[in-house]
file protein00.pdb (PDB, C-alpha atoms)
ATOM      1  CA  MET H   1     -19.030 -21.300  26.035
ATOM      2  CA  ALA H   2     -18.143 -18.560  28.549
ATOM      3  CA  ILE H   3     -21.364 -16.696  29.429
ATOM      4  CA  THR H   4     -21.273 -13.504  31.479
ATOM      5  CA  LEU H   5     -24.005 -11.120  32.593
ATOM      6  CA  ILE H   6     -23.281  -7.419  32.252
ATOM      7  CA  LYS H   7     -25.290  -4.275  32.801
ATOM      8  CA  PHE H   8     -25.728  -2.399  29.535
ATOM      9  CA  ASP H   9     -23.553   0.721  29.424
ATOM     10  CA  PRO H  10     -24.980   3.386  27.089
ATOM     11  CA  HIS H  11     -21.504   4.948  26.763
ATOM     12  CA  ALA H  12     -19.682   1.730  25.855
ATOM     13  CA  GLY H  13     -18.818   0.562  22.391
ATOM     14  CA  PRO H  14     -21.029  -1.500  20.115
ATOM     15  CA  ILE H  15     -23.037  -4.433  21.415
ATOM     16  CA  LYS H  16     -21.992  -7.906  20.356
ATOM     17  CA  PRO H  17     -24.140  -9.262  17.471
ATOM     18  CA  PHE H  18     -27.738 -10.187  18.373
ATOM     19  CA  ASP H  19     -30.761 -11.432  16.425
ATOM     20  CA  CYS H  20     -33.823 -12.959  18.061
ATOM     21  CA  LYS H  21     -35.915 -12.953  14.852
ATOM     22  CA  VAL H  22     -38.225 -10.200  16.233
ATOM     23  CA  ASP H  23     -37.408  -6.835  14.705
ATOM     24  CA  HIS H  24     -38.700  -4.574  17.491
ATOM     25  CA  LEU H  25     -36.765  -6.553  20.127
ATOM     26  CA  ASN H  26     -33.602  -6.448  18.021
ATOM     27  CA  ASP H  27     -34.071  -2.730  17.372
ATOM     28  CA  PHE H  28     -34.520  -1.919  21.077
ATOM     29  CA  LEU H  29     -31.110  -3.394  21.823
ATOM     30  CA  LEU H  30     -29.160  -2.386  18.730
ATOM     31  CA  GLU H  31     -30.678   0.971  17.693
ATOM     32  CA  GLU H  32     -28.647   4.062  18.632
ATOM     33  CA  ASP H  33     -30.927   6.880  17.372
ATOM     34  CA  ASP H  34     -32.148   8.950  20.355
ATOM     35  CA  ASN H  35     -35.435   9.603  18.559
ATOM     36  CA  ILE H  36     -36.311   5.900  18.585
ATOM     37  CA  PRO H  37     -37.028   4.128  21.894
ATOM     38  CA  ASN H  38     -34.029   1.933  22.586
ATOM     39  CA  ALA H  39     -31.881   0.563  25.411
ATOM     40  CA  ARG H  40     -29.429   3.448  25.180
ATOM     41  CA  HIS H  41     -32.153   6.101  25.376
ATOM     42  CA  HIS H  42     -33.936   4.297  28.224
ATOM     43  CA  ALA H  43     -30.704   4.066  30.238
ATOM     44  CA  LEU H  44     -29.722   7.706  29.712
ATOM     45  CA  GLU H  45     -33.219   8.918  30.651
ATOM     46  CA  LEU H  46     -33.378   6.602  33.722
ATOM     47  CA  LEU H  47     -36.427   4.823  32.300
ATOM     48  CA  ALA H  48     -35.133   1.241  32.280
ATOM     49  CA  GLU H  49     -31.970  -0.737  32.898
ATOM     50  CA  THR H  50     -30.927  -3.395  30.419
ATOM     51  CA  TYR H  51     -28.776  -6.452  31.147
ATOM     52  CA  LEU H  52     -26.953  -8.620  28.626
ATOM     53  CA  PHE H  53     -25.913 -12.252  28.721
ATOM     54  CA  GLU H  54     -22.830 -12.436  26.495
ATOM     55  CA  ASP H  55     -21.028 -15.435  25.067
ATOM     56  CA  ASN H  56     -17.447 -14.227  25.202
ATOM     57  CA  THR H  57     -16.139 -17.278  23.378
ATOM     58  CA  ALA H  58     -18.410 -16.761  20.348
ATOM     59  CA  GLY H  59     -18.441 -12.962  20.618
ATOM     60  CA  LYS H  60     -22.268 -12.793  20.621
ATOM     61  CA  THR H  61     -25.058 -11.471  22.793
ATOM     62  CA  VAL H  62     -27.005 -14.501  24.031
ATOM     63  CA  ALA H  63     -30.002 -12.745  25.590
ATOM     64  CA  TYR H  64     -31.064  -9.498  27.174
ATOM     65  CA  PHE H  65     -33.733  -8.115  29.458
ATOM     66  CA  SER H  66     -34.775  -4.651  30.571
ATOM     67  CA  LEU H  67     -36.247  -3.792  33.957
ATOM     68  CA  LEU H  68     -38.285  -0.798  35.114
ATOM     69  CA  ASN H  69     -40.549   0.065  38.020
ATOM     70  CA  ASP H  70     -44.227  -0.799  37.904
ATOM     71  CA  LYS H  71     -47.187  -1.592  40.112
ATOM     72  CA  VAL H  72     -49.940  -4.165  40.233
ATOM     73  CA  ASP H  73     -53.079  -2.026  40.276
ATOM     74  CA  ARG H  74     -56.580  -3.093  41.272
ATOM     75  CA  ASP H  75     -58.157  -0.961  38.535
ATOM     76  CA  LEU H  76     -56.112  -2.707  35.820
ATOM     77  CA  SER H  77     -56.715  -6.250  37.065
ATOM     78  CA  ASP H  78     -59.505  -8.746  36.565
ATOM     79  CA  LYS H  79     -61.633  -8.692  39.721
ATOM     80  CA  THR H  80     -61.320 -12.415  40.481
ATOM     81  CA  VAL H  81     -57.541 -12.353  39.978
ATOM     82  CA  TRP H  82     -57.229  -9.253  42.182
ATOM     83  CA  ASN H  83     -59.304 -10.855  44.961
ATOM     84  CA  ARG H  84     -57.183 -14.021  44.868
ATOM     85  CA  LEU H  85     -53.975 -11.951  44.833
ATOM     86  CA  SER H  86     -55.149  -9.716  47.714
ATOM     87  CA  ARG H  87     -55.982 -12.684  49.928
ATOM     88  CA  GLU H  88     -52.251 -13.459  49.968
ATOM     89  CA  ILE H  89     -51.526 -10.084  51.613
ATOM     90  CA  PRO H  90     -52.307  -9.459  55.299
ATOM     91  CA  ASN H  91     -55.418  -7.302  55.848
ATOM     92  CA  ALA H  92     -53.479  -4.457  57.458
ATOM     93  CA  LYS H  93     -51.225  -4.192  54.397
ATOM     94  CA  ARG H  94     -53.871  -4.350  51.657
ATOM     95  CA  ARG H  95     -53.830  -1.451  49.210
ATOM     96  CA  ARG H  96     -55.219  -0.450  45.799
ATOM     97  CA  SER H  97     -51.815  -1.193  44.264
ATOM     98  CA  TYR H  98     -48.624  -3.024  45.142
ATOM     99  CA  PRO H  99     -44.999  -2.383  44.106
ATOM    100  CA  ALA H 100     -43.592  -4.338  41.199
ATOM    101  CA  VAL H 101     -40.726  -4.471  38.756
ATOM    102  CA  LYS H 102     -41.671  -4.819  35.098
ATOM    103  CA  ILE H 103     -39.757  -6.817  32.571
ATOM    104  CA  GLY H 104     -39.879  -4.307  29.746
ATOM    105  CA  ARG H 105     -38.222  -6.603  27.234
ATOM    106  CA  LEU H 106     -36.755 -10.094  27.295
ATOM    107  CA  ALA H 107     -35.263 -11.724  24.223
ATOM    108  CA  VAL H 108     -32.984 -14.652  23.424
ATOM    109  CA  SER H 109     -30.816 -14.783  20.307
ATOM    110  CA  LYS H 110     -32.011 -17.249  17.665
ATOM    111  CA  ASP H 111     -28.635 -19.000  18.006
ATOM    112  CA  TYR H 112     -29.335 -19.774  21.680
ATOM    113  CA  GLN H 113     -33.097 -20.380  21.705
ATOM    114  CA  GLY H 114     -34.159 -23.698  23.192
ATOM    115  CA  ARG H 115     -31.232 -23.722  25.633
ATOM    116  CA  SER H 116     -33.124 -22.341  28.684
ATOM    117  CA  PHE H 117     -31.717 -18.805  28.533
ATOM    118  CA  GLY H 118     -35.234 -17.343  28.819
ATOM    119  CA  ARG H 119     -35.892 -19.372  31.970
ATOM    120  CA  ILE H 120     -32.425 -18.545  33.287
ATOM    121  CA  SER H 121     -33.119 -14.845  32.744
ATOM    122  CA  LEU H 122     -36.439 -15.009  34.614
ATOM    123  CA  ASN H 123     -34.905 -16.965  37.492
ATOM    124  CA  TYR H 124     -32.063 -14.453  37.706
ATOM    125  CA  ILE H 125     -34.511 -11.528  37.812
ATOM    126  CA  LYS H 126     -36.689 -13.129  40.495
ATOM    127  CA  GLN H 127     -33.779 -14.194  42.702
ATOM    128  CA  THR H 128     -31.986 -10.859  42.366
ATOM    129  CA  LEU H 129     -35.109  -8.936  43.390
ATOM    130  CA  LEU H 130     -35.412 -11.129  46.485
ATOM    131  CA  ASP H 131     -31.724 -11.040  47.389
ATOM    132  CA  ASN H 132     -31.003  -7.342  46.756
ATOM    133  CA  ARG H 133     -34.054  -5.727  48.251
ATOM    134  CA  VAL H 134     -33.239  -2.046  47.803
ATOM    135  CA  SER H 135     -36.946  -1.129  47.744
ATOM    136  CA  GLY H 136     -40.272  -2.826  48.228
ATOM    137  CA  CYS H 137     -41.168  -5.137  45.367
ATOM    138  CA  ARG H 138     -43.773  -7.859  45.785
ATOM    139  CA  PHE H 139     -44.425  -8.664  42.129
ATOM    140  CA  VAL H 140     -42.716  -9.021  38.764
ATOM    141  CA  THR H 141     -44.892  -7.953  35.842
ATOM    142  CA  VAL H 142     -44.631  -8.314  32.094
ATOM    143  CA  ASP H 143     -46.699  -7.332  29.094
ATOM    144  CA  ALA H 144     -46.175 -10.696  27.416
ATOM    145  CA  LEU H 145     -46.473 -11.007  23.672
ATOM    146  CA  MET H 146     -49.366 -13.374  22.883
ATOM    147  CA  GLU H 147     -46.970 -16.005  21.547
ATOM    148  CA  ALA H 148     -44.949 -15.869  24.812
ATOM    149  CA  VAL H 149     -47.832 -16.375  27.279
ATOM    150  CA  GLY H 150     -47.183 -20.128  27.566
ATOM    151  CA  PHE H 151     -43.496 -19.516  28.301
ATOM    152  CA  TYR H 152     -44.339 -17.128  31.135
ATOM    153  CA  GLU H 153     -47.021 -19.461  32.521
ATOM    154  CA  LYS H 154     -44.458 -22.314  32.602
ATOM    155  CA  ASN H 155     -42.286 -19.978  34.678
ATOM    156  CA  GLY H 156     -44.951 -19.236  37.289
ATOM    157  CA  PHE H 157     -46.538 -16.082  35.868
ATOM    158  CA  GLN H 158     -50.302 -15.631  35.902
ATOM    159  CA  ILE H 159     -52.562 -13.489  33.752
ATOM    160  CA  LEU H 160     -53.556 -10.328  35.620
ATOM    161  CA  ALA H 161     -55.990  -8.886  33.074
ATOM    162  CA  THR H 162     -57.757 -10.621  30.222
ATOM    163  CA  PRO H 163     -56.612  -9.057  26.958
ATOM    164  CA  GLY H 164     -58.982  -7.618  24.386
ATOM    165  CA  LYS H 165     -59.345  -9.200  20.959
ATOM    166  CA  SER H 166     -57.038  -6.651  19.325
ATOM    167  CA  ASP H 167     -54.389  -6.628  22.096
ATOM    168  CA  GLU H 168     -50.904  -7.772  21.146
ATOM    169  CA  THR H 169     -49.823  -8.366  24.760
ATOM    170  CA  VAL H 170     -51.159  -9.852  27.977
ATOM    171  CA  LEU H 171     -50.513  -8.298  31.388
ATOM    172  CA  MET H 172     -49.032 -11.013  33.623
ATOM    173  CA  PHE H 173     -47.530 -11.158  37.117
ATOM    174  CA  PHE H 174     -45.377 -13.309  39.371
ATOM    175  CA  ASP H 175     -45.668 -13.102  43.173
ATOM    176  CA  LEU H 176     -42.141 -13.103  44.643
ATOM    177  CA  MET H 177     -43.494 -14.365  47.980
ATOM    178  CA  LYS H 178     -43.886 -17.767  46.324
ATOM    179  CA  MET H 179     -40.073 -18.015  46.323
ATOM    180  CA  LYS H 180     -39.457 -16.717  49.831
ATOM    181  CA  CYS H 181     -38.430 -19.365  52.336
TER     182      CYS H 181
END
call {"tool": "encode", "arguments": {"input": "protein00.pdb", "output": "structure tokens"}}
result
Amino acid sequence: MAITLIKFDPHAGPIKPFDCKVDHLNDFLLEEDDNIPNARHHALELLAETYLFEDNTAGKTVAYFSLLNDKVDRDLSDKTVWNRLSREIPNAKRRRSYPAVKIGRLAVSKDYQGRSFGRISLNYIKQTLLDNRVSGCRFVTVDALMEAVGFYEKNGFQILATPGKSDETVLMFFDLMKMKC
């Protein structure tokens, strides 16, 4: 297996086959219609950048993730979580919001699930944000699907705001300072 990471190019040819068993995640990557939110549209409109792990030996897309700018905002956070989070920031630097990068989408092909590619993707994102600091970014956020909350918690993310009964996602965050030496 020869795995490579590439940045999605909206002008390149077709993407290698991908199916994660979740239609809206498949569609985001594979759909080409500009009237439907997709990786191509997001890249061309400078809304998000998508990265692909490809298995060049098998000719398949292993996993993908999309990144966009975000913020951790006091008004969108549970009060106790915000207070705990703020205590980690020096008094002189405390604000009503802090810079973040959001994982807009993260999916692993059904053929590669259970082989740590989700964890590898998260570790890559976290380490890259620390190593290539082109702008301030203290947190990584994600609107995790309910069924993925445990996965994100295992990877160090915490719930930022308690979801409502009808919510399909949970707002979660990871503090990059926890990785800084």
call {"tool": "resolve_selection", "arguments": {"input": "protein00.pdb", "expression": "the PyMOL selection byres ((chain H and resi 160) around 6)", "output": "number ranges by chain"}}
result
H: 77, 159, 161, 171-172
call {"tool": "axis_aligned_box", "arguments": {"input": "protein00.pdb", "around": "range 94-103 of chain H", "padding_each_side": "4 Å", "output": "JSON"}}
result
{"center_x": -47.5, "center_y": -3.6, "center_z": 42.1, "size_x": 23.5, "size_y": 14.4, "size_z": 27.1}
call {"tool": "resolve_selection", "arguments": {"input": "protein00.pdb", "expression": "the PyMOL selection byres ((chain H and resi 142) around 6)", "output": "count of residues only"}}
result
7
call {"tool": "residues_around", "arguments": {"input": "protein00.pdb", "residues": "range 21-36 of chain H", "least_positions_apart": "5", "cutoff": "12 Å", "atoms": "all atoms listed in the file", "output": "number ranges by chain"}}
result
H: 8-16, 41-45, 48-52, 61, 63-66, 104-113, 145, 147
call {"tool": "write_last_selection", "arguments": {"input": "protein00.pdb", "atoms": "C-alpha atoms", "output": "PDB file, in the frame of the given file"}}
result
ATOM      1  CA  PHE H   8     -25.728  -2.399  29.535  1.00  0.00           C
ATOM      2  CA  ASP H   9     -23.553   0.721  29.424  1.00  0.00           C
ATOM      3  CA  PRO H  10     -24.980   3.386  27.089  1.00  0.00           C
ATOM      4  CA  HIS H  11     -21.504   4.948  26.763  1.00  0.00           C
ATOM      5  CA  ALA H  12     -19.682   1.730  25.855  1.00  0.00           C
ATOM      6  CA  GLY H  13     -18.818   0.562  22.391  1.00  0.00           C
ATOM      7  CA  PRO H  14     -21.029  -1.500  20.115  1.00  0.00           C
ATOM      8  CA  ILE H  15     -23.037  -4.433  21.415  1.00  0.00           C
ATOM      9  CA  LYS H  16     -21.992  -7.906  20.356  1.00  0.00           C
ATOM     10  CA  HIS H  41     -32.153   6.101  25.376  1.00  0.00           C
ATOM     11  CA  HIS H  42     -33.936   4.297  28.224  1.00  0.00           C
ATOM     12  CA  ALA H  43     -30.704   4.066  30.238  1.00  0.00           C
ATOM     13  CA  LEU H  44     -29.722   7.706  29.712  1.00  0.00           C
ATOM     14  CA  GLU H  45     -33.219   8.918  30.651  1.00  0.00           C
ATOM     15  CA  ALA H  48     -35.133   1.241  32.280  1.00  0.00           C
ATOM     16  CA  GLU H  49     -31.970  -0.737  32.898  1.00  0.00           C
ATOM     17  CA  THR H  50     -30.927  -3.395  30.419  1.00  0.00           C
ATOM     18  CA  TYR H  51     -28.776  -6.452  31.147  1.00  0.00           C
ATOM     19  CA  LEU H  52     -26.953  -8.620  28.626  1.00  0.00           C
ATOM     20  CA  THR H  61     -25.058 -11.471  22.793  1.00  0.00           C
ATOM     21  CA  ALA H  63     -30.002 -12.745  25.590  1.00  0.00           C
ATOM     22  CA  TYR H  64     -31.064  -9.498  27.174  1.00  0.00           C
ATOM     23  CA  PHE H  65     -33.733  -8.115  29.458  1.00  0.00           C
ATOM     24  CA  SER H  66     -34.775  -4.651  30.571  1.00  0.00           C
ATOM     25  CA  GLY H 104     -39.879  -4.307  29.746  1.00  0.00           C
ATOM     26  CA  ARG H 105     -38.222  -6.603  27.234  1.00  0.00           C
ATOM     27  CA  LEU H 106     -36.755 -10.094  27.295  1.00  0.00           C
ATOM     28  CA  ALA H 107     -35.263 -11.724  24.223  1.00  0.00           C
ATOM     29  CA  VAL H 108     -32.984 -14.652  23.424  1.00  0.00           C
ATOM     30  CA  SER H 109     -30.816 -14.783  20.307  1.00  0.00           C
ATOM     31  CA  LYS H 110     -32.011 -17.249  17.665  1.00  0.00           C
ATOM     32  CA  ASP H 111     -28.635 -19.000  18.006  1.00  0.00           C
ATOM     33  CA  TYR H 112     -29.335 -19.774  21.680  1.00  0.00           C
ATOM     34  CA  GLN H 113     -33.097 -20.380  21.705  1.00  0.00           C
ATOM     35  CA  LEU H 145     -46.473 -11.007  23.672  1.00  0.00           C
ATOM     36  CA  GLU H 147     -46.970 -16.005  21.547  1.00  0.00           C
TER      37      GLU H 147
END
call {"tool": "residues_around", "arguments": {"input": "protein00.pdb", "residues": "range 88-101 of chain H", "least_positions_apart": "5", "cutoff": "6 Å", "atoms": "all atoms listed in the file", "output": "ChimeraX atom specification"}}
result
/H:68-74,137-140
call {"tool": "atom_distance", "arguments": {"input": "protein00.pdb", "atom1": "CA of Ser166 in chain H", "atom2": "CA of Arg84 in chain H"}}
result
26.6 Å
call {"tool": "closest_residue", "arguments": {"input": "protein00.pdb", "among": "H:Lys7, H:Asn56, H:Gly150, H:Cys20", "to": "Arg40 in chain H", "atoms": "all atoms listed in the file"}}
result
H:Lys7
call {"tool": "resolve_selection", "arguments": {"input": "protein00.pdb", "expression": "the PyMOL selection byres ((chain H and resi 55) around 9)", "output": "VMD selection string"}}
result
chain H and resid 1 to 4 16 53 to 54 56 to 62
call {"tool": "atom_distance", "arguments": {"input": "protein00.pdb", "atom1": "CA of Gly114 in chain H", "atom2": "CA of Phe151 in chain H"}}
result
11.4 Å
